[in-house]
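The file protein-v5.txt comes next; it holds compact mmCIF, C-alpha atoms.
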# COMPACT_ATOMS: atom_id res chain seq x y z
CA SER U 1 58.05 -5.32 48.80
CA ALA U 2 60.48 -7.98 47.56
CA VAL U 3 62.39 -8.71 44.38
CA ILE U 4 61.59 -12.19 43.14
CA SER U 5 63.13 -14.12 40.28
CA GLN U 6 62.07 -17.38 38.70
CA LYS U 7 63.89 -19.85 36.50
CA PRO U 8 63.21 -20.86 33.82
CA SER U 9 61.05 -18.07 32.45
CA ARG U 10 59.53 -20.45 29.94
CA ASP U 11 59.97 -24.01 28.73
CA ILE U 12 58.54 -26.50 26.29
CA CYS U 13 58.53 -30.05 27.60
CA GLN U 14 57.52 -33.48 26.42
CA ARG U 15 54.76 -35.35 28.18
CA GLY U 16 55.94 -37.75 30.85
CA THR U 17 58.94 -35.64 31.82
CA SER U 18 59.41 -33.42 34.87
CA LEU U 19 60.39 -29.78 35.25
CA THR U 20 61.76 -28.05 38.32
CA ILE U 21 61.02 -24.35 38.71
CA GLN U 22 63.18 -22.22 40.97
CA CYS U 23 62.09 -19.17 42.93
CA GLN U 24 64.62 -16.82 44.51
CA VAL U 25 63.79 -13.79 46.67
CA ASP U 26 66.16 -11.00 47.67
CA SER U 27 65.26 -11.07 51.36
CA GLN U 28 64.42 -13.66 53.96
CA VAL U 29 60.73 -14.52 54.03
CA THR U 30 58.87 -17.07 56.07
CA MET U 31 56.04 -17.75 53.70
CA MET U 32 56.29 -18.60 50.02
CA PHE U 33 53.45 -19.70 47.81
CA TRP U 34 53.13 -21.50 44.49
CA TYR U 35 50.26 -20.75 42.12
CA ARG U 36 49.10 -21.99 38.77
CA GLN U 37 47.37 -19.79 36.22
CA GLN U 38 45.89 -21.70 33.33
CA PRO U 39 45.19 -19.89 30.06
CA GLY U 40 42.51 -17.25 30.51
CA GLN U 41 41.98 -18.19 34.14
CA SER U 42 42.70 -16.67 37.52
CA LEU U 43 45.29 -17.83 40.01
CA THR U 44 44.90 -21.11 41.84
CA LEU U 45 47.02 -21.79 44.90
CA ILE U 46 48.94 -25.05 44.67
CA ALA U 47 50.70 -25.03 48.03
CA THR U 48 52.22 -22.96 50.79
CA ALA U 49 55.91 -23.55 51.44
CA ASN U 50 57.33 -22.62 54.81
CA GLN U 51 60.98 -23.12 55.64
CA GLY U 52 61.59 -26.02 57.98
CA SER U 53 58.27 -27.76 57.45
CA GLU U 54 56.46 -29.78 54.82
CA ALA U 55 54.56 -27.83 52.21
CA THR U 56 50.81 -27.53 52.70
CA TYR U 57 48.89 -28.49 49.56
CA GLU U 58 45.48 -27.22 48.50
CA SER U 59 42.64 -29.49 47.54
CA GLY U 60 43.28 -31.08 44.18
CA PHE U 61 47.08 -30.86 44.38
CA VAL U 62 49.29 -33.66 45.72
CA ILE U 63 52.92 -33.91 46.69
CA ASP U 64 53.68 -36.72 44.23
CA LYS U 65 52.67 -34.50 41.32
CA PHE U 66 54.01 -31.19 42.66
CA PRO U 67 56.89 -31.82 45.08
CA ILE U 68 58.18 -28.65 46.71
CA SER U 69 61.43 -27.89 48.45
CA ARG U 70 62.14 -24.96 50.77
CA PRO U 71 65.75 -25.32 51.89
CA ASN U 72 66.15 -21.79 53.26
CA LEU U 73 64.35 -18.47 53.73
CA THR U 74 65.17 -17.10 50.26
CA PHE U 75 64.64 -20.05 47.92
CA SER U 76 62.07 -22.64 46.89
CA THR U 77 61.52 -25.08 44.06
CA LEU U 78 58.38 -26.56 42.56
CA THR U 79 58.61 -29.68 40.43
CA VAL U 80 55.87 -30.56 37.96
CA SER U 81 56.15 -34.32 37.62
CA ASN U 82 55.09 -36.71 34.88
CA MET U 83 53.73 -33.85 32.84
CA SER U 84 50.74 -33.96 30.52
CA PRO U 85 49.38 -31.26 28.19
CA GLU U 86 46.90 -30.31 30.94
CA ASP U 87 49.85 -29.04 32.97
CA SER U 88 50.49 -26.32 30.39
CA SER U 89 50.14 -23.18 32.45
CA ILE U 90 51.92 -20.28 34.04
CA TYR U 91 53.46 -21.17 37.38
CA LEU U 92 53.99 -18.30 39.79
CA CYS U 93 55.71 -18.07 43.11
CA SER U 94 54.84 -15.37 45.59
CA VAL U 95 56.13 -14.26 48.96
CA ASP U 96 54.65 -12.61 52.00
CA PRO U 97 57.42 -10.41 53.44
CA GLY U 98 55.53 -9.98 56.68
CA ALA U 99 53.13 -7.25 55.62
CA GLU U 100 50.23 -9.68 55.21
CA THR U 101 50.27 -9.28 51.48
CA GLN U 102 51.87 -11.13 48.61
CA TYR U 103 54.24 -10.15 45.85
CA PHE U 104 54.64 -12.26 42.76
CA GLY U 105 57.58 -13.42 40.73
CA PRO U 106 57.59 -13.04 36.94
CA GLY U 107 56.24 -16.54 36.37
CA THR U 108 57.29 -19.62 34.42
CA ARG U 109 55.39 -20.31 31.21
CA LEU U 110 55.19 -24.04 30.61
CA LEU U 111 53.99 -25.75 27.46
CA VAL U 112 53.70 -29.53 27.49
CA LEU U 113 53.50 -31.28 24.14
CA GLN B 1 28.93 -20.23 45.17
CA LYS B 2 32.36 -18.89 44.28
CA GLU B 3 34.28 -17.43 47.19
CA VAL B 4 35.34 -14.30 45.32
CA GLU B 5 33.32 -13.08 42.36
CA GLN B 6 34.11 -10.52 39.71
CA ASN B 7 32.50 -9.60 36.42
CA SER B 8 34.88 -10.89 33.77
CA GLY B 9 34.19 -7.97 31.43
CA PRO B 10 35.56 -6.58 29.31
CA LEU B 11 34.74 -3.25 30.90
CA SER B 12 35.28 -0.54 28.32
CA VAL B 13 35.71 3.08 29.39
CA PRO B 14 36.89 6.11 27.43
CA GLU B 15 40.16 7.76 28.27
CA GLY B 16 39.76 10.24 31.13
CA ALA B 17 36.67 8.56 32.56
CA ILE B 18 36.29 6.76 35.88
CA ALA B 19 36.54 2.98 35.77
CA SER B 20 34.66 1.14 38.50
CA LEU B 21 35.60 -2.45 39.24
CA ASN B 22 33.59 -4.53 41.68
CA CYS B 23 34.20 -7.66 43.71
CA THR B 24 31.99 -9.61 46.10
CA TYR B 25 33.07 -12.27 48.55
CA SER B 26 31.24 -14.95 50.45
CA ASP B 27 33.25 -15.51 53.64
CA ARG B 28 32.18 -13.11 56.37
CA VAL B 29 35.41 -13.57 58.30
CA SER B 30 37.46 -12.18 55.44
CA GLN B 31 39.75 -9.55 56.87
CA SER B 32 42.07 -8.23 54.18
CA PHE B 33 41.40 -7.28 50.60
CA PHE B 34 43.72 -6.64 47.71
CA TRP B 35 43.61 -5.43 44.14
CA TYR B 36 46.20 -6.68 41.69
CA ARG B 37 46.74 -5.52 38.12
CA GLN B 38 47.89 -8.04 35.55
CA TYR B 39 49.00 -7.03 32.10
CA SER B 40 48.80 -9.66 29.38
CA GLY B 41 51.75 -12.02 29.65
CA LYS B 42 52.91 -10.54 32.96
CA SER B 43 52.54 -11.52 36.59
CA PRO B 44 50.12 -9.80 38.99
CA GLU B 45 51.22 -6.50 40.49
CA LEU B 46 49.81 -5.25 43.78
CA ILE B 47 47.93 -1.95 43.46
CA MET B 48 45.97 -1.51 46.66
CA SER B 49 45.24 -3.19 49.94
CA ILE B 50 42.36 -2.31 52.26
CA TYR B 51 41.47 -3.63 55.67
CA SER B 52 38.80 -1.32 57.13
CA ASN B 53 35.40 -0.20 55.95
CA GLY B 54 35.43 2.97 53.89
CA ASP B 55 37.63 4.42 51.21
CA LYS B 56 41.38 4.31 50.74
CA GLU B 57 42.96 6.53 48.13
CA ASP B 58 46.34 6.22 46.43
CA GLY B 59 46.89 8.54 43.50
CA ARG B 60 44.29 7.83 40.83
CA PHE B 61 43.16 4.67 42.61
CA THR B 62 40.52 4.42 45.33
CA ALA B 63 39.59 1.17 47.03
CA GLN B 64 36.23 0.96 48.78
CA LEU B 65 35.28 -1.69 51.31
CA ASN B 66 31.85 -2.50 52.72
CA LYS B 67 32.07 -5.53 54.98
CA ALA B 68 28.36 -5.52 55.80
CA SER B 69 27.52 -5.93 52.13
CA GLN B 70 30.61 -8.07 51.47
CA TYR B 71 31.92 -6.09 48.55
CA VAL B 72 35.08 -4.30 47.67
CA SER B 73 35.56 -2.03 44.69
CA LEU B 74 38.34 -0.24 42.88
CA LEU B 75 37.86 3.13 41.22
CA ILE B 76 40.36 4.38 38.69
CA ARG B 77 40.06 8.10 38.00
CA ASP B 78 41.25 9.73 34.79
CA SER B 79 41.62 6.33 33.13
CA GLN B 80 44.54 5.99 30.74
CA PRO B 81 45.16 3.47 27.95
CA SER B 82 48.02 2.15 30.10
CA ASP B 83 45.41 1.10 32.67
CA SER B 84 44.11 -1.50 30.21
CA ALA B 85 44.73 -4.79 32.00
CA THR B 86 43.00 -7.49 34.02
CA TYR B 87 42.27 -6.49 37.61
CA LEU B 88 42.22 -9.27 40.17
CA CYS B 89 40.47 -9.03 43.50
CA ALA B 90 41.99 -11.11 46.30
CA VAL B 91 40.72 -11.85 49.77
CA LYS B 92 42.52 -13.11 52.87
CA VAL B 93 40.45 -14.98 55.39
CA THR B 94 41.19 -14.80 59.09
CA GLY B 95 43.36 -17.64 60.29
CA THR B 96 44.47 -18.89 56.89
CA ALA B 97 48.12 -17.98 57.26
CA SER B 98 48.23 -15.29 54.61
CA LYS B 99 46.55 -17.46 52.00
CA LEU B 100 44.79 -15.41 49.34
CA THR B 101 41.74 -16.39 47.34
CA PHE B 102 41.52 -14.71 43.95
CA GLY B 103 38.58 -13.77 41.82
CA THR B 104 38.59 -14.51 38.12
CA GLY B 105 39.49 -10.93 37.26
CA THR B 106 37.87 -8.12 35.29
CA ARG B 107 39.42 -7.11 31.99
CA LEU B 108 39.49 -3.33 31.61
CA GLN B 109 39.85 -1.63 28.24
CA VAL B 110 40.48 2.10 28.15
CA THR B 111 39.67 3.47 24.72
CA LEU B 112 41.07 6.57 23.06
Go through the file and emit its structure as structure tokens.
Amino acid sequence: SAVISQKPSRDICQRGTSLTIQCQVDSQVTMMFWYRQQPGQSLTLIATANQGSEATYESGFVIDKFPISRPNLTFSTLTVSNMSPEDSSIYLCSVDPGAETQYFGPGTRLLVL
Amino acid sequence: QKEVEQNSGPLSVPEGAIASLNCTYSDRVSQSFFWYRQYSGKSPELIMSIYSNGDKEDGRFTAQLNKASQYVSLLIRDSQPSDSATYLCAVKVTGTASKLTFGTGTRLQVTL
């Protein structure tokens, strides 16, 4: 498995602003993933972030709204841009440490007013 | 048709009973299957993974896979109140670079 941390753990933001979420893992991993979990819903994959290449976004998610950085094998950021109340959600990063499974960070709880 | 389907529940079982959670999937080339447990306000925690037809046991948990019928299930024996959580089924499709597709989850309530 892997030990994953996320910052911030929660935030309350005003509409129109942006928030950058950090994900740090305690070992080098090739594949990192960003998910969104809206209230009462399951997990929806936003994008896959591999070090050294552009993130791959899922249908319905675009780079202008959710820019992602992956500067090295232990760190990634997800920015939620120009936020609206509909962006209120839990944002989760996960990693695949090479065992073809995924382990999740503790999540970032975002409320947009 | 949803790719991964689960009954949302809640599934209520008495303490000590067997809880049976089911999941069906639509993509026949799915190759790996996972059960995650998610407590309220927490992130998903991996419980079991299964790759081959049949049963896989780990403590009180047993995962069952039937690729011909495209279903995977999770049995929890001797259910405890601490097992009360939402259980998420996840499927990895061949050639999708470890991408998982999640079901909507089944909420389990273990009653005293």
Could you check how far atom CA of B:Thr62 sits from atom CA of B:Ala19, in Å to one decimal? 10.5 Å
Residues within 7 Å of B:Ser79, please, as a PyMOL selection string. Count all atoms listed in the file; anything in the same chain fewer than 3 positions from it doesn't count. chain B and resi 15-19+76+83+110
Per residue of chain B within 12 Å of chain U, note the shortest atom pair and the distance in Å to one decimal, counting only C-alpha atoms, and order the rows by chain and increasing residue number, as JSON lines.
{"residue": "B:Val4", "atom": "CA", "partner": "U:Ser42", "partner_atom": "CA", "distance": 11.0}
{"residue": "B:Glu5", "atom": "CA", "partner": "U:Ser42", "partner_atom": "CA", "distance": 11.1}
{"residue": "B:Gln6", "atom": "CA", "partner": "U:Ser42", "partner_atom": "CA", "distance": 10.8}
{"residue": "B:Ser8", "atom": "CA", "partner": "U:Gln41", "partner_atom": "CA", "distance": 10.2}
{"residue": "B:Gln31", "atom": "CA", "partner": "U:Glu100", "partner_atom": "CA", "distance": 10.6}
{"residue": "B:Ser32", "atom": "CA", "partner": "U:Glu100", "partner_atom": "CA", "distance": 8.4}
{"residue": "B:Phe33", "atom": "CA", "partner": "U:Thr101", "partner_atom": "CA", "distance": 9.1}
{"residue": "B:Phe34", "atom": "CA", "partner": "U:Thr101", "partner_atom": "CA", "distance": 8.0}
{"residue": "B:Trp35", "atom": "CA", "partner": "U:Thr101", "partner_atom": "CA", "distance": 10.6}
{"residue": "B:Tyr36", "atom": "CA", "partner": "U:Tyr103", "partner_atom": "CA", "distance": 9.7}
{"residue": "B:Arg37", "atom": "CA", "partner": "U:Phe104", "partner_atom": "CA", "distance": 11.4}
{"residue": "B:Gln38", "atom": "CA", "partner": "U:Ser42", "partner_atom": "CA", "distance": 10.3}
{"residue": "B:Tyr39", "atom": "CA", "partner": "U:Pro106", "partner_atom": "CA", "distance": 11.5}
{"residue": "B:Ser40", "atom": "CA", "partner": "U:Gly40", "partner_atom": "CA", "distance": 9.9}
{"residue": "B:Gly41", "atom": "CA", "partner": "U:Arg109", "partner_atom": "CA", "distance": 9.2}
{"residue": "B:Lys42", "atom": "CA", "partner": "U:Pro106", "partner_atom": "CA", "distance": 6.6}
{"residue": "B:Ser43", "atom": "CA", "partner": "U:Pro106", "partner_atom": "CA", "distance": 5.3}
{"residue": "B:Pro44", "atom": "CA", "partner": "U:Phe104", "partner_atom": "CA", "distance": 6.4}
{"residue": "B:Glu45", "atom": "CA", "partner": "U:Phe104", "partner_atom": "CA", "distance": 7.1}
{"residue": "B:Leu46", "atom": "CA", "partner": "U:Tyr103", "partner_atom": "CA", "distance": 6.9}
{"residue": "B:Ile47", "atom": "CA", "partner": "U:Tyr103", "partner_atom": "CA", "distance": 10.6}
{"residue": "B:Met48", "atom": "CA", "partner": "U:Thr101", "partner_atom": "CA", "distance": 10.1}
{"residue": "B:Ser49", "atom": "CA", "partner": "U:Thr101", "partner_atom": "CA", "distance": 8.0}
{"residue": "B:Ile50", "atom": "CA", "partner": "U:Thr101", "partner_atom": "CA", "distance": 10.6}
{"residue": "B:Tyr51", "atom": "CA", "partner": "U:Glu100", "partner_atom": "CA", "distance": 10.7}
{"residue": "B:Thr86", "atom": "CA", "partner": "U:Ser42", "partner_atom": "CA", "distance": 9.8}
{"residue": "B:Tyr87", "atom": "CA", "partner": "U:Ser42", "partner_atom": "CA", "distance": 10.2}
{"residue": "B:Leu88", "atom": "CA", "partner": "U:Ser42", "partner_atom": "CA", "distance": 7.9}
{"residue": "B:Cys89", "atom": "CA", "partner": "U:Ser42", "partner_atom": "CA", "distance": 10.0}
{"residue": "B:Ala90", "atom": "CA", "partner": "U:Leu43", "partner_atom": "CA", "distance": 9.8}
{"residue": "B:Val91", "atom": "CA", "partner": "U:Thr101", "partner_atom": "CA", "distance": 10.0}
{"residue": "B:Lys92", "atom": "CA", "partner": "U:Thr101", "partner_atom": "CA", "distance": 8.8}
{"residue": "B:Val93", "atom": "CA", "partner": "U:Glu100", "partner_atom": "CA", "distance": 11.1}
{"residue": "B:Thr94", "atom": "CA", "partner": "U:Glu100", "partner_atom": "CA", "distance": 11.1}
{"residue": "B:Gly95", "atom": "CA", "partner": "U:Glu100", "partner_atom": "CA", "distance": 11.7}
{"residue": "B:Thr96", "atom": "CA", "partner": "U:Thr48", "partner_atom": "CA", "distance": 10.7}
{"residue": "B:Ala97", "atom": "CA", "partner": "U:Met31", "partner_atom": "CA", "distance": 8.7}
{"residue": "B:Ser98", "atom": "CA", "partner": "U:Glu100", "partner_atom": "CA", "distance": 6.0}
{"residue": "B:Lys99", "atom": "CA", "partner": "U:Thr48", "partner_atom": "CA", "distance": 8.0}
{"residue": "B:Leu100", "atom": "CA", "partner": "U:Leu45", "partner_atom": "CA", "distance": 8.1}
{"residue": "B:Thr101", "atom": "CA", "partner": "U:Thr44", "partner_atom": "CA", "distance": 7.9}
{"residue": "B:Phe102", "atom": "CA", "partner": "U:Leu43", "partner_atom": "CA", "distance": 6.3}
{"residue": "B:Gly103", "atom": "CA", "partner": "U:Ser42", "partner_atom": "CA", "distance": 6.6}
{"residue": "B:Thr104", "atom": "CA", "partner": "U:Ser42", "partner_atom": "CA", "distance": 4.7}
{"residue": "B:Gly105", "atom": "CA", "partner": "U:Ser42", "partner_atom": "CA", "distance": 6.6}
{"residue": "B:Thr106", "atom": "CA", "partner": "U:Ser42", "partner_atom": "CA", "distance": 10.1}
{"residue": "B:Arg107", "atom": "CA", "partner": "U:Gly40", "partner_atom": "CA", "distance": 10.7}
Can you measure atom CA of U:Gly52 to atom CA of U:Gln28 for me? One decimal in Å is fine.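 Calculated distance between atom CA of U:Gly52 and atom CA of U:Gln28 is 13.3 Å.
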Residue contacts of stretch 67-72 of chain B (6 Å, all atoms listed in the file) excluding same-chain residues fewer than 4 positions away, as JSON, numbers by chain: {"B": [23, 24, 25]}
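What separates atom CA of U:Ile4 from atom CA of U:Asn50 is a distance of 16.2 Å.
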